[in-house]
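What follows is the content of target_11.pdb (PDB, C-alpha atoms and all ligand atoms).
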```
ATOM      1  CA  MET A   1      17.119  -0.934  27.828
ATOM      2  CA  ARG A   2      19.066  -4.092  28.721
ATOM      3  CA  PRO A   3      21.773  -5.266  26.295
ATOM      4  CA  PRO A   4      20.874  -8.353  24.210
ATOM      5  CA  ILE A   5      22.193 -11.780  25.189
ATOM      6  CA  THR A   6      23.276 -14.440  22.662
ATOM      7  CA  VAL A   7      23.402 -18.098  23.659
ATOM      8  CA  ARG A   8      24.855 -20.841  21.445
ATOM      9  CA  THR A   9      23.210 -24.250  21.666
ATOM     10  CA  ALA A  10      24.240 -27.555  20.093
ATOM     11  CA  ALA A  11      22.620 -30.414  18.200
ATOM     12  CA  LYS A  12      22.970 -33.883  19.734
ATOM     13  CA  VAL A  13      23.612 -37.327  18.396
ATOM     14  CA  ASN A  14      22.768 -40.455  20.373
ATOM     15  CA  LEU A  15      25.864 -42.666  20.382
ATOM     16  CA  HIS A  16      23.860 -45.322  22.182
ATOM     17  CA  LEU A  17      20.066 -45.379  22.289
ATOM     18  CA  GLY A  18      18.642 -48.344  24.167
ATOM     19  CA  VAL A  19      14.833 -48.362  24.306
ATOM     20  CA  GLY A  20      12.656 -50.397  26.685
ATOM     21  CA  ALA A  21       8.953 -51.278  26.721
ATOM     22  CA  PRO A  22       6.618 -48.293  27.227
ATOM     23  CA  ARG A  23       6.029 -47.313  30.889
ATOM     24  CA  GLU A  24       2.608 -46.757  32.406
ATOM     25  CA  ASP A  25       2.863 -43.034  31.640
ATOM     26  CA  GLY A  26       3.387 -43.860  27.952
ATOM     27  CA  PHE A  27       7.047 -42.801  27.847
ATOM     28  CA  HIS A  28       9.711 -45.315  26.837
ATOM     29  CA  PRO A  29      12.505 -45.917  29.346
ATOM     30  CA  LEU A  30      15.846 -45.094  27.742
ATOM     31  CA  THR A  31      19.503 -45.732  28.352
ATOM     32  CA  THR A  32      21.216 -43.316  26.065
ATOM     33  CA  VAL A  33      24.579 -41.648  25.568
ATOM     34  CA  TYR A  34      24.233 -38.180  24.135
ATOM     35  CA  GLN A  35      26.992 -36.188  22.490
ATOM     36  CA  ALA A  36      26.683 -32.464  21.730
ATOM     37  CA  ILE A  37      28.222 -31.640  18.337
ATOM     38  CA  GLY A  38      29.334 -28.414  16.712
ATOM     39  CA  LEU A  39      26.214 -27.800  14.674
ATOM     40  CA  CYS A  40      24.564 -24.995  16.596
ATOM     41  CA  ASP A  41      21.641 -22.604  16.775
ATOM     42  CA  ASP A  42      22.228 -19.129  18.233
ATOM     43  CA  VAL A  43      19.376 -17.681  20.271
ATOM     44  CA  THR A  44      19.498 -13.957  21.035
ATOM     45  CA  ALA A  45      17.189 -12.437  23.623
ATOM     46  CA  TYR A  46      16.471  -8.705  23.143
ATOM     47  CA  ASP A  47      14.749  -6.526  25.669
ATOM     48  CA  SER A  48      11.109  -6.128  24.610
ATOM     49  CA  PRO A  49       7.809  -5.297  26.345
ATOM     50  CA  VAL A  50       6.274  -8.522  24.940
ATOM     51  CA  LEU A  51       7.354 -12.139  24.456
ATOM     52  CA  GLU A  52       7.894 -12.701  20.738
ATOM     53  CA  LEU A  53       9.944 -14.941  18.502
ATOM     54  CA  SER A  54      11.462 -14.917  15.032
ATOM     55  CA  LEU A  55      13.616 -17.219  12.950
ATOM     56  CA  LEU A  56      16.695 -16.679  10.774
ATOM     57  CA  PRO A  57      17.067 -20.074   9.085
ATOM     58  CA  ALA A  58      20.043 -21.530   7.218
ATOM     59  CA  ASP A  59      19.261 -22.654   3.643
ATOM     60  CA  TRP A  60      18.776 -26.273   4.647
ATOM     61  CA  VAL A  61      16.341 -25.513   7.493
ATOM     62  CA  ASP A  62      12.648 -26.151   6.789
ATOM     63  CA  SER A  63      11.475 -22.910   8.397
ATOM     64  CA  GLY A  64       7.816 -23.626   7.548
ATOM     65  CA  ALA A  65       7.927 -26.528  10.024
ATOM     66  CA  VAL A  66       8.845 -24.284  12.971
ATOM     67  CA  PRO A  67       5.909 -22.693  14.836
ATOM     68  CA  LEU A  68       6.528 -19.048  15.762
ATOM     69  CA  GLY A  69       3.850 -18.657  18.412
ATOM     70  CA  ALA A  70       3.165 -20.209  21.820
ATOM     71  CA  ASP A  71       3.814 -23.717  20.416
ATOM     72  CA  ASN A  72       7.480 -23.003  19.859
ATOM     73  CA  ILE A  73       9.374 -24.820  22.577
ATOM     74  CA  ALA A  74      11.590 -21.747  23.169
ATOM     75  CA  HIS A  75       8.402 -19.729  23.824
ATOM     76  CA  ARG A  76       7.212 -22.462  26.206
ATOM     77  CA  ALA A  77      10.575 -22.302  27.976
ATOM     78  CA  ALA A  78      10.086 -18.561  28.548
ATOM     79  CA  VAL A  79       6.612 -19.123  29.977
ATOM     80  CA  GLU A  80       7.795 -21.908  32.311
ATOM     81  CA  LEU A  81      10.778 -19.902  33.550
ATOM     82  CA  GLY A  82       8.366 -17.022  34.191
ATOM     83  CA  HIS A  83       6.046 -19.346  36.172
ATOM     84  CA  HIS A  84       8.925 -20.312  38.425
ATOM     85  CA  HIS A  85       9.674 -16.638  39.132
ATOM     86  CA  GLN A  86       5.958 -15.778  39.380
ATOM     87  CA  ARG A  87       6.113 -13.169  36.659
ATOM     88  CA  ASP A  88       5.492 -12.858  32.918
ATOM     89  CA  LEU A  89       8.882 -12.915  31.200
ATOM     90  CA  THR A  90       9.167 -10.820  28.079
ATOM     91  CA  GLY A  91      11.828 -10.661  25.390
ATOM     92  CA  ARG A  92      12.286 -10.854  21.634
ATOM     93  CA  LEU A  93      13.895 -14.206  20.892
ATOM     94  CA  VAL A  94      15.681 -14.439  17.550
ATOM     95  CA  ILE A  95      16.657 -18.008  16.634
ATOM     96  CA  GLU A  96      19.462 -18.290  14.064
ATOM     97  CA  LYS A  97      18.764 -21.842  13.103
ATOM     98  CA  SER A  98      21.252 -24.273  11.580
ATOM     99  CA  ILE A  99      19.996 -27.483  13.199
ATOM    100  CA  PRO A 100      17.645 -29.296  10.786
ATOM    101  CA  VAL A 101      14.022 -29.447  12.020
ATOM    102  CA  ALA A 102      12.499 -32.790  13.096
ATOM    103  CA  GLY A 103      15.839 -34.363  12.193
ATOM    104  CA  GLY A 104      16.529 -36.463  15.296
ATOM    105  CA  LEU A 105      19.104 -33.861  16.368
ATOM    106  CA  ALA A 106      16.971 -32.290  19.135
ATOM    107  CA  GLY A 107      17.069 -28.823  17.615
ATOM    108  CA  GLY A 108      13.881 -27.735  19.370
ATOM    109  CA  SER A 109      15.243 -28.928  22.718
ATOM    110  CA  ALA A 110      18.464 -27.009  22.048
ATOM    111  CA  ASP A 111      16.475 -23.808  21.438
ATOM    112  CA  ALA A 112      14.502 -24.331  24.642
ATOM    113  CA  ALA A 113      17.718 -24.693  26.660
ATOM    114  CA  ALA A 114      19.126 -21.559  25.025
ATOM    115  CA  ALA A 115      15.965 -19.581  25.760
ATOM    116  CA  LEU A 116      16.200 -20.550  29.451
ATOM    117  CA  VAL A 117      19.829 -19.423  29.682
ATOM    118  CA  ALA A 118      19.336 -16.235  27.629
ATOM    119  CA  LEU A 119      16.223 -15.031  29.461
ATOM    120  CA  ASP A 120      17.680 -15.920  32.838
ATOM    121  CA  ARG A 121      20.640 -13.661  32.003
ATOM    122  CA  LEU A 122      18.627 -10.903  30.289
ATOM    123  CA  HIS A 123      16.423 -10.510  33.361
ATOM    124  CA  GLN A 124      19.237 -11.256  35.845
ATOM    125  CA  LEU A 125      17.158 -13.970  37.513
ATOM    126  CA  ASP A 126      20.064 -16.098  38.807
ATOM    127  CA  THR A 127      17.964 -19.242  38.587
ATOM    128  CA  PRO A 128      19.845 -22.105  40.311
ATOM    129  CA  ASP A 129      21.108 -24.880  37.992
ATOM    130  CA  ASP A 130      18.942 -27.546  39.602
ATOM    131  CA  VAL A 131      15.827 -25.438  38.964
ATOM    132  CA  LEU A 132      16.825 -24.864  35.324
ATOM    133  CA  LEU A 133      17.325 -28.638  34.941
ATOM    134  CA  ARG A 134      13.889 -29.350  36.446
ATOM    135  CA  ILE A 135      12.150 -26.834  34.166
ATOM    136  CA  ALA A 136      14.121 -28.314  31.253
ATOM    137  CA  ALA A 137      12.952 -31.854  32.066
ATOM    138  CA  ASP A 138       9.317 -30.675  32.127
ATOM    139  CA  LEU A 139       9.773 -29.104  28.691
ATOM    140  CA  GLY A 140      11.109 -32.272  27.034
ATOM    141  CA  SER A 141      13.277 -35.337  27.577
ATOM    142  CA  ASP A 142      16.284 -33.952  25.644
ATOM    143  CA  VAL A 143      16.281 -30.428  27.120
ATOM    144  CA  PRO A 144      18.346 -31.172  30.281
ATOM    145  CA  PHE A 145      21.102 -32.617  28.090
ATOM    146  CA  ALA A 146      21.009 -29.515  25.875
ATOM    147  CA  LEU A 147      21.819 -27.502  29.021
ATOM    148  CA  ILE A 148      24.796 -29.601  30.127
ATOM    149  CA  GLY A 149      26.209 -30.615  26.714
ATOM    150  CA  GLY A 150      29.471 -32.543  26.354
ATOM    151  CA  THR A 151      28.905 -36.302  26.445
ATOM    152  CA  ALA A 152      26.399 -37.637  28.947
ATOM    153  CA  LEU A 153      24.508 -40.719  30.001
ATOM    154  CA  GLY A 154      20.741 -40.234  29.921
ATOM    155  CA  THR A 155      18.307 -42.456  31.835
ATOM    156  CA  GLY A 156      14.646 -42.301  32.844
ATOM    157  CA  ARG A 157      13.009 -41.059  29.627
ATOM    158  CA  GLY A 158      16.351 -39.401  28.797
ATOM    159  CA  GLU A 159      15.881 -36.449  31.157
ATOM    160  CA  LEU A 160      18.168 -37.708  33.962
ATOM    161  CA  VAL A 161      21.642 -36.797  32.772
ATOM    162  CA  GLU A 162      25.166 -37.181  34.086
ATOM    163  CA  SER A 163      28.378 -36.277  32.279
ATOM    164  CA  VAL A 164      30.646 -39.181  31.315
ATOM    165  CA  ALA A 165      34.365 -39.488  30.543
ATOM    166  CA  ASP A 166      35.050 -38.791  26.874
ATOM    167  CA  VAL A 167      38.688 -38.292  25.909
ATOM    168  CA  GLY A 168      38.265 -38.267  22.123
ATOM    169  CA  THR A 169      37.669 -35.698  19.404
ATOM    170  CA  TRP A 170      35.053 -37.266  17.174
ATOM    171  CA  TRP A 171      34.374 -36.153  13.606
ATOM    172  CA  TRP A 172      30.895 -36.560  12.168
ATOM    173  CA  VAL A 173      29.454 -36.142   8.703
ATOM    174  CA  LEU A 174      25.724 -35.463   8.757
ATOM    175  CA  VAL A 175      23.238 -36.007   5.948
ATOM    176  CA  PRO A 176      19.847 -34.495   6.832
ATOM    177  CA  SER A 177      16.670 -35.341   4.923
ATOM    178  CA  VAL A 178      14.527 -32.758   3.210
ATOM    179  CA  GLU A 179      11.479 -33.978   5.117
ATOM    180  CA  GLY A 180      11.573 -34.486   8.891
ATOM    181  CA  MET A 181      10.189 -37.483  10.786
ATOM    182  CA  SER A 182       7.816 -37.490  13.725
ATOM    183  CA  THR A 183       9.492 -38.848  16.862
ATOM    184  CA  PRO A 184       6.196 -40.276  18.290
ATOM    185  CA  GLU A 185       5.556 -42.088  14.993
ATOM    186  CA  VAL A 186       8.989 -43.767  15.105
ATOM    187  CA  TYR A 187       8.377 -44.879  18.719
ATOM    188  CA  ARG A 188       4.948 -46.287  17.736
ATOM    189  CA  HIS A 189       6.649 -48.237  14.961
ATOM    190  CA  PHE A 190       9.275 -49.503  17.437
ATOM    191  CA  ASP A 191       6.410 -50.853  19.615
ATOM    192  CA  LYS A 192       4.967 -52.639  16.592
ATOM    193  CA  LEU A 193       8.278 -54.176  15.499
ATOM    194  CA  VAL A 194       9.493 -55.018  19.032
ATOM    195  CA  PRO A 195       6.363 -55.983  21.022
ATOM    196  CA  ASP A 196       8.503 -57.866  23.558
ATOM    197  CA  ALA A 197      10.967 -55.046  24.372
ATOM    198  CA  PRO A 198      12.552 -55.489  27.840
ATOM    199  CA  ASP A 199      11.395 -53.282  30.748
ATOM    200  CA  THR A 200      15.046 -52.292  31.267
ATOM    201  CA  PRO A 201      16.630 -50.887  28.116
ATOM    202  CA  PRO A 202      19.951 -52.308  26.817
ATOM    203  CA  ASP A 203      22.830 -50.794  28.807
ATOM    204  CA  ALA A 204      25.547 -48.563  27.382
ATOM    205  CA  GLU A 205      28.634 -50.249  28.888
ATOM    206  CA  MET A 206      30.252 -51.105  25.551
ATOM    207  CA  LEU A 207      29.784 -47.557  24.286
ATOM    208  CA  LEU A 208      31.135 -45.998  27.478
ATOM    209  CA  GLY A 209      34.186 -48.262  27.250
ATOM    210  CA  ALA A 210      34.773 -47.245  23.623
ATOM    211  CA  LEU A 211      34.623 -43.549  24.547
ATOM    212  CA  ARG A 212      37.386 -44.083  27.092
ATOM    213  CA  THR A 213      39.730 -45.471  24.388
ATOM    214  CA  GLY A 214      39.534 -42.271  22.313
ATOM    215  CA  GLN A 215      39.790 -44.518  19.204
ATOM    216  CA  PRO A 216      37.283 -43.858  16.392
ATOM    217  CA  GLU A 217      37.407 -47.539  15.293
ATOM    218  CA  SER A 218      36.332 -48.627  18.798
ATOM    219  CA  LEU A 219      33.545 -46.069  18.904
ATOM    220  CA  ALA A 220      32.376 -47.137  15.440
ATOM    221  CA  ARG A 221      31.953 -50.728  16.630
ATOM    222  CA  ALA A 222      30.015 -49.680  19.731
ATOM    223  CA  LEU A 223      27.455 -47.267  18.190
ATOM    224  CA  HIS A 224      23.925 -48.548  18.781
ATOM    225  CA  ASN A 225      20.430 -47.237  18.105
ATOM    226  CA  ASP A 226      17.265 -49.242  18.814
ATOM    227  CA  LEU A 227      15.233 -46.729  16.781
ATOM    228  CA  GLN A 228      17.277 -47.288  13.631
ATOM    229  CA  GLU A 229      15.349 -50.342  12.453
ATOM    230  CA  PRO A 230      11.904 -48.709  12.821
ATOM    231  CA  ALA A 231      13.170 -45.515  11.179
ATOM    232  CA  ILE A 232      14.571 -47.485   8.213
ATOM    233  CA  ASP A 233      11.415 -49.561   7.991
ATOM    234  CA  LEU A 234       9.412 -46.337   7.677
ATOM    235  CA  ARG A 235      11.939 -44.797   5.295
ATOM    236  CA  PRO A 236      14.020 -47.431   3.459
ATOM    237  CA  GLU A 237      16.232 -44.851   1.726
ATOM    238  CA  LEU A 238      17.948 -44.279   5.093
ATOM    239  CA  GLY A 239      19.292 -47.840   4.973
ATOM    240  CA  ARG A 240      20.598 -47.240   1.460
ATOM    241  CA  LEU A 241      22.232 -43.985   2.572
ATOM    242  CA  ILE A 242      24.033 -45.738   5.454
ATOM    243  CA  ALA A 243      25.343 -48.412   3.071
ATOM    244  CA  GLN A 244      26.474 -45.755   0.622
ATOM    245  CA  GLY A 245      28.386 -43.742   3.248
ATOM    246  CA  GLU A 246      30.067 -46.876   4.580
ATOM    247  CA  SER A 247      31.088 -47.903   1.051
ATOM    248  CA  GLU A 248      32.601 -44.417   0.654
ATOM    249  CA  GLY A 249      34.792 -45.132   3.680
ATOM    250  CA  ALA A 250      32.806 -44.028   6.754
ATOM    251  CA  LEU A 251      33.809 -46.033   9.827
ATOM    252  CA  ARG A 252      30.118 -46.438  10.553
ATOM    253  CA  GLY A 253      26.768 -44.857   9.604
ATOM    254  CA  LEU A 254      23.907 -44.502  12.065
ATOM    255  CA  VAL A 255      20.451 -42.969  12.184
ATOM    256  CA  SER A 256      20.546 -40.096  14.705
ATOM    257  CA  GLY A 257      17.906 -40.552  17.429
ATOM    258  CA  SER A 258      14.521 -41.082  15.784
ATOM    259  CA  GLY A 259      15.889 -39.915  12.410
ATOM    260  CA  PRO A 260      15.875 -39.094   9.625
ATOM    261  CA  THR A 261      19.356 -37.493   9.815
ATOM    262  CA  VAL A 262      22.086 -40.058   9.179
ATOM    263  CA  VAL A 263      25.449 -39.472  10.872
ATOM    264  CA  PHE A 264      28.719 -41.006   9.746
ATOM    265  CA  LEU A 265      31.743 -41.374  12.007
ATOM    266  CA  ALA A 266      35.031 -40.396  10.344
ATOM    267  CA  GLU A 267      38.632 -41.066  11.368
ATOM    268  CA  SER A 268      39.755 -37.441  11.415
ATOM    269  CA  ALA A 269      38.881 -33.925  10.252
ATOM    270  CA  ASP A 270      40.408 -34.553   6.813
ATOM    271  CA  HIS A 271      38.634 -37.865   6.447
ATOM    272  CA  ALA A 272      35.325 -36.180   7.346
ATOM    273  CA  ARG A 273      35.837 -33.561   4.656
ATOM    274  CA  ASP A 274      36.737 -36.209   2.050
ATOM    275  CA  LEU A 275      33.693 -38.255   2.957
ATOM    276  CA  ALA A 276      31.425 -35.198   2.821
ATOM    277  CA  GLY A 277      32.790 -34.397  -0.657
ATOM    278  CA  ALA A 278      32.172 -37.965  -1.850
ATOM    279  CA  LEU A 279      28.581 -37.909  -0.555
ATOM    280  CA  MET A 280      27.923 -34.559  -2.224
ATOM    281  CA  ARG A 281      29.258 -35.882  -5.527
ATOM    282  CA  THR A 282      26.740 -38.714  -5.340
ATOM    283  CA  GLY A 283      23.906 -36.190  -5.260
ATOM    284  CA  HIS A 284      23.305 -35.311  -1.609
ATOM    285  CA  GLU A 285      22.792 -31.578  -1.639
ATOM    286  CA  VAL A 286      23.202 -30.925   2.072
ATOM    287  CA  VAL A 287      26.112 -32.623   3.815
ATOM    288  CA  LEU A 288      27.426 -31.091   7.041
ATOM    289  CA  VAL A 289      30.568 -31.724   9.067
ATOM    290  CA  ALA A 290      30.751 -31.252  12.846
ATOM    291  CA  ASN A 291      32.936 -32.449  15.680
ATOM    292  CA  GLY A 292      32.162 -33.271  19.263
ATOM    293  CA  ALA A 293      31.891 -33.101  22.107
ATOM    294  CA  VAL A 294      31.057 -29.398  22.500
ATOM    295  CA  ALA A 295      29.552 -27.375  25.337
ATOM    296  CA  GLY A 296      25.871 -27.165  26.234
ATOM    297  CA  ALA A 297      23.860 -23.916  25.908
ATOM    298  CA  HIS A 298      26.322 -21.146  26.735
ATOM    299  CA  LEU A 299      26.647 -17.408  26.515
ATOM    300  CA  VAL A 300      28.658 -16.215  23.510
ATOM    301  CA  SER A 301      28.049 -12.492  23.790
ATOM    302  CA  SER A 302      26.235  -9.924  25.792
ATOM    303  CA  HIS A 303      26.327  -6.862  23.566
ATOM    304  CA  ALA A 304      27.054  -4.439  26.384
TER     305      ALA A 304
HETATM  306  P1  LIG B 401      13.327 -34.771  19.090
HETATM  307  O1  LIG B 401      14.181 -35.969  18.755
HETATM  308  O2  LIG B 401      13.636 -34.139  20.420
HETATM  309  O3  LIG B 401      11.865 -34.955  18.816
HETATM  310  P2  LIG B 401      13.940 -33.544  16.576
HETATM  311  O4  LIG B 401      15.299 -33.061  16.314
HETATM  312  O5  LIG B 401      13.520 -34.803  15.863
HETATM  313  O6  LIG B 401      13.822 -33.669  18.129
HETATM  314  P3  LIG B 401      12.897 -30.895  16.520
HETATM  315  O7  LIG B 401      13.723 -30.170  15.512
HETATM  316  O8  LIG B 401      13.172 -30.610  17.937
HETATM  317  O9  LIG B 401      12.909 -32.448  16.238
HETATM  318  O10 LIG B 401      11.378 -30.572  16.155
HETATM  319  C1  LIG B 401      10.289 -31.410  16.467
HETATM  320  C2  LIG B 401       9.014 -30.596  16.240
HETATM  321  O11 LIG B 401       8.925 -29.578  17.224
HETATM  322  C3  LIG B 401       8.986 -29.844  14.900
HETATM  323  O12 LIG B 401       8.333 -30.605  13.929
HETATM  324  C4  LIG B 401       8.254 -28.542  15.214
HETATM  325  O13 LIG B 401       6.908 -28.618  14.820
HETATM  326  C5  LIG B 401       8.278 -28.399  16.729
HETATM  327  N1  LIG B 401       9.054 -27.230  17.241
HETATM  328  C6  LIG B 401       8.677 -26.411  18.237
HETATM  329  N2  LIG B 401       9.621 -25.505  18.506
HETATM  330  C7  LIG B 401      10.657 -25.743  17.679
HETATM  331  C8  LIG B 401      11.943 -25.139  17.511
HETATM  332  N3  LIG B 401      12.355 -24.097  18.239
HETATM  333  N4  LIG B 401      12.737 -25.672  16.567
HETATM  334  C9  LIG B 401      12.337 -26.742  15.842
HETATM  335  N5  LIG B 401      11.134 -27.326  15.953
HETATM  336  C10 LIG B 401      10.292 -26.845  16.871
END
```
Would you kindly transcribe this structure into structure tokens?
Amino acid sequence: MRPPITVRTAAKVNLHLGVGAPREDGFHPLTTVYQAIGLCDDVTAYDSPVLELSLLPADWVDSGAVPLGADNIAHRAAVELGHHHQRDLTGRLVIEKSIPVAGGLAGGSADAAAALVALDRLHQLDTPDDVLLRIAADLGSDVPFALIGGTALGTGRGELVESVADVGTWWWVLVPSVEGMSTPEVYRHFDKLVPDAPDTPPDAEMLLGALRTGQPESLARALHNDLQEPAIDLRPELGRLIAQGESEGALRGLVSGSGPTVVFLAESADHARDLAGALMRTGHEVVLVANGAVAGAHLVSSHA
């Protein structure tokens, strides 16, 4: 019996999300800057004669929205890694889930990255990094970033990632929504609202410059998300939430990715806690605090 392997895997926020006109393959070209933040799922792979999956959700996680069979992206990751090694990979994957589902935080992608790392280690496959990144890209546009973590520039449809200089410690307050949003629906709405989107998405130079200053006020000014307007148009309360957080002192509020989670940038750890308290007092039941950047999917224990 092999000892179980636990891998910790982070949520992401898009500090810059520039979206272009849909390509011929239907995907939108992106120029994005991802940051991995300290709101994490833990995925543990146990030795098992079959491939199976279970979920241990935090209170705020809509567990009913997570498929537990072959549709789960962590299950798909196991199958694809097995294909590469020309064998059926087995294991019992237990996902301790804190990342809200369908929240624009790429929680599913994070679990897929963790499953790749955990099963690779459980079965001592020694899969080269470039192969893991290729399998990750086939699984979903955000999965390669979930492997590398930190702060990274994403191009293509988001799957081509390279780490970027980020000297700051950034404090975020997150307000998830009870009900998730469908990423494809938000992109369809973007196409409707912006029929003349450029072939080349807006670049991230201003954001990358702000990261190099390490100053939260500079980063606040540079945050940008082309999916924010369509997300707010579909769900106007997100616009009201951003205004509320900013009136409570947030440096800036932003829809994360395709939403509906709203993230607020704070000046410091103490400021983040104060802001979270203020938002909770105004009736938001779930308000989370996380800092970034943190590592991509990484081993936290092998219970040898
Ligand atoms: P993205 O922006 O990458 O679409 P998201 O954060 O908006 O990500 P996810 O939490 O990744 O959304 O979930 C999107 C959908 O994927 C869910 O509605 C769910 O049906 C499905 N799904 C499959 N596997 C998982 C998983 N391990 N965790 C969460 N959702 C999963």
Taking all listed atoms of ligand LIG 401 (chain B), build the axis-aligned box, pad each of the six sides by 3 Å, then write its centre and edge lengths in Å to one decimal as AutoDock Vina command-line options.
```
--center_x 11.1 --center_y -30.0 --center_z 17.2 --size_x 14.4 --size_y 17.9 --size_z 12.5
```
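Within 6 Å of range 151-162 of chain A, once all atoms listed in the file are used and residues closer than 6 positions along the same chain are dropped, the contacting residues are Pro29, Leu30, Thr31, Thr32, Val33, Tyr34, Gln35, Ala137, Ser141 and Pro144 of chain A.
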_Result set, the PyMOL selection byres (((not hetatm)) within 6 of (chain B and resi 401)) on current file, as a list in words_ = Ala65, Val66, Pro67, Asp71, Asn72, Ile73, Ala74, Val101, Ala102, Gly103, Gly104, Leu105, Ala106, Gly107, Gly108, Ser109, Asp111, Asp142, Thr183 and Ser258 of chain A
Print the selection's residues with C-alpha atoms to a file, as a CSV table (one decimal), in the frame of the given file.
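See out11.csv below for the written result:
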```
chain,number,residue,atom,x,y,z
A,65,ALA,CA,7.9,-26.5,10.0
A,66,VAL,CA,8.8,-24.3,13.0
A,67,PRO,CA,5.9,-22.7,14.8
A,71,ASP,CA,3.8,-23.7,20.4
A,72,ASN,CA,7.5,-23.0,19.9
A,73,ILE,CA,9.4,-24.8,22.6
A,74,ALA,CA,11.6,-21.7,23.2
A,101,VAL,CA,14.0,-29.4,12.0
A,102,ALA,CA,12.5,-32.8,13.1
A,103,GLY,CA,15.8,-34.4,12.2
A,104,GLY,CA,16.5,-36.5,15.3
A,105,LEU,CA,19.1,-33.9,16.4
A,106,ALA,CA,17.0,-32.3,19.1
A,107,GLY,CA,17.1,-28.8,17.6
A,108,GLY,CA,13.9,-27.7,19.4
A,109,SER,CA,15.2,-28.9,22.7
A,111,ASP,CA,16.5,-23.8,21.4
A,142,ASP,CA,16.3,-34.0,25.6
A,183,THR,CA,9.5,-38.8,16.9
A,258,SER,CA,14.5,-41.1,15.8
```
*Return the single residue from A:Gly259, A:Gly64, A:Pro198, A:Gly69 that is closest to Ser177 in chain A, with distances computed using all atoms listed in the file.*
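Distance minimum relative to Ser177 in chain A lands on A:Gly259.
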*What is the CA of Gln228 in chain A to CA of Pro260 in chain A distance in Å?*
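Between CA of Gln228 in chain A and CA of Pro260 in chain A the gap works out to 9.2 Å.
Computed from the coordinates, the CA of Leu299 in chain A to CA of Leu15 in chain A distance equals 26.0 Å.
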Coordinates of range 42-53 of chain A, N, CA, C and O atoms, as a short mmCIF file (atom, residue, chain, number, x, y, z; two decimals), in the first residue's frame:
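File produced: decode.cif:
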```
data_model
loop_
_atom_site.label_atom_id
_atom_site.label_comp_id
_atom_site.auth_asym_id
_atom_site.auth_seq_id
_atom_site.Cartn_x
_atom_site.Cartn_y
_atom_site.Cartn_z
N ASP A 42 -7.32 21.27 -0.95
CA ASP A 42 -6.32 20.22 -0.75
C ASP A 42 -6.84 18.95 -1.42
O ASP A 42 -7.98 18.54 -1.17
N VAL A 43 -6.03 18.36 -2.26
CA VAL A 43 -6.43 17.11 -2.92
C VAL A 43 -5.50 16.00 -2.44
O VAL A 43 -4.28 16.10 -2.59
N THR A 44 -6.09 14.97 -1.83
CA THR A 44 -5.29 13.84 -1.35
C THR A 44 -5.57 12.62 -2.21
O THR A 44 -6.74 12.28 -2.45
N ALA A 45 -4.50 12.02 -2.68
CA ALA A 45 -4.63 10.79 -3.49
C ALA A 45 -4.24 9.60 -2.61
O ALA A 45 -3.12 9.53 -2.10
N TYR A 46 -5.21 8.68 -2.41
CA TYR A 46 -4.97 7.44 -1.66
C TYR A 46 -4.84 6.29 -2.63
O TYR A 46 -5.51 6.26 -3.66
N ASP A 47 -4.02 5.35 -2.26
CA ASP A 47 -3.89 4.13 -3.06
C ASP A 47 -5.25 3.43 -3.10
O ASP A 47 -5.92 3.32 -2.06
N SER A 48 -5.67 2.99 -4.26
CA SER A 48 -6.98 2.34 -4.39
C SER A 48 -6.96 1.52 -5.68
O SER A 48 -6.28 1.92 -6.64
N PRO A 49 -7.69 0.40 -5.72
CA PRO A 49 -7.69 -0.39 -6.97
C PRO A 49 -8.54 0.25 -8.06
O PRO A 49 -8.50 -0.19 -9.21
N VAL A 50 -9.33 1.29 -7.72
CA VAL A 50 -10.16 1.96 -8.74
C VAL A 50 -9.90 3.46 -8.68
O VAL A 50 -9.32 3.96 -7.72
N LEU A 51 -10.38 4.17 -9.73
CA LEU A 51 -10.31 5.63 -9.71
C LEU A 51 -11.64 6.14 -9.17
O LEU A 51 -12.70 5.87 -9.75
N GLU A 52 -11.59 6.82 -8.03
CA GLU A 52 -12.83 7.34 -7.44
C GLU A 52 -12.56 8.68 -6.79
O GLU A 52 -11.40 9.05 -6.57
N LEU A 53 -13.65 9.39 -6.47
CA LEU A 53 -13.49 10.78 -6.04
C LEU A 53 -14.53 11.13 -4.99
O LEU A 53 -15.67 10.68 -5.06
#
```
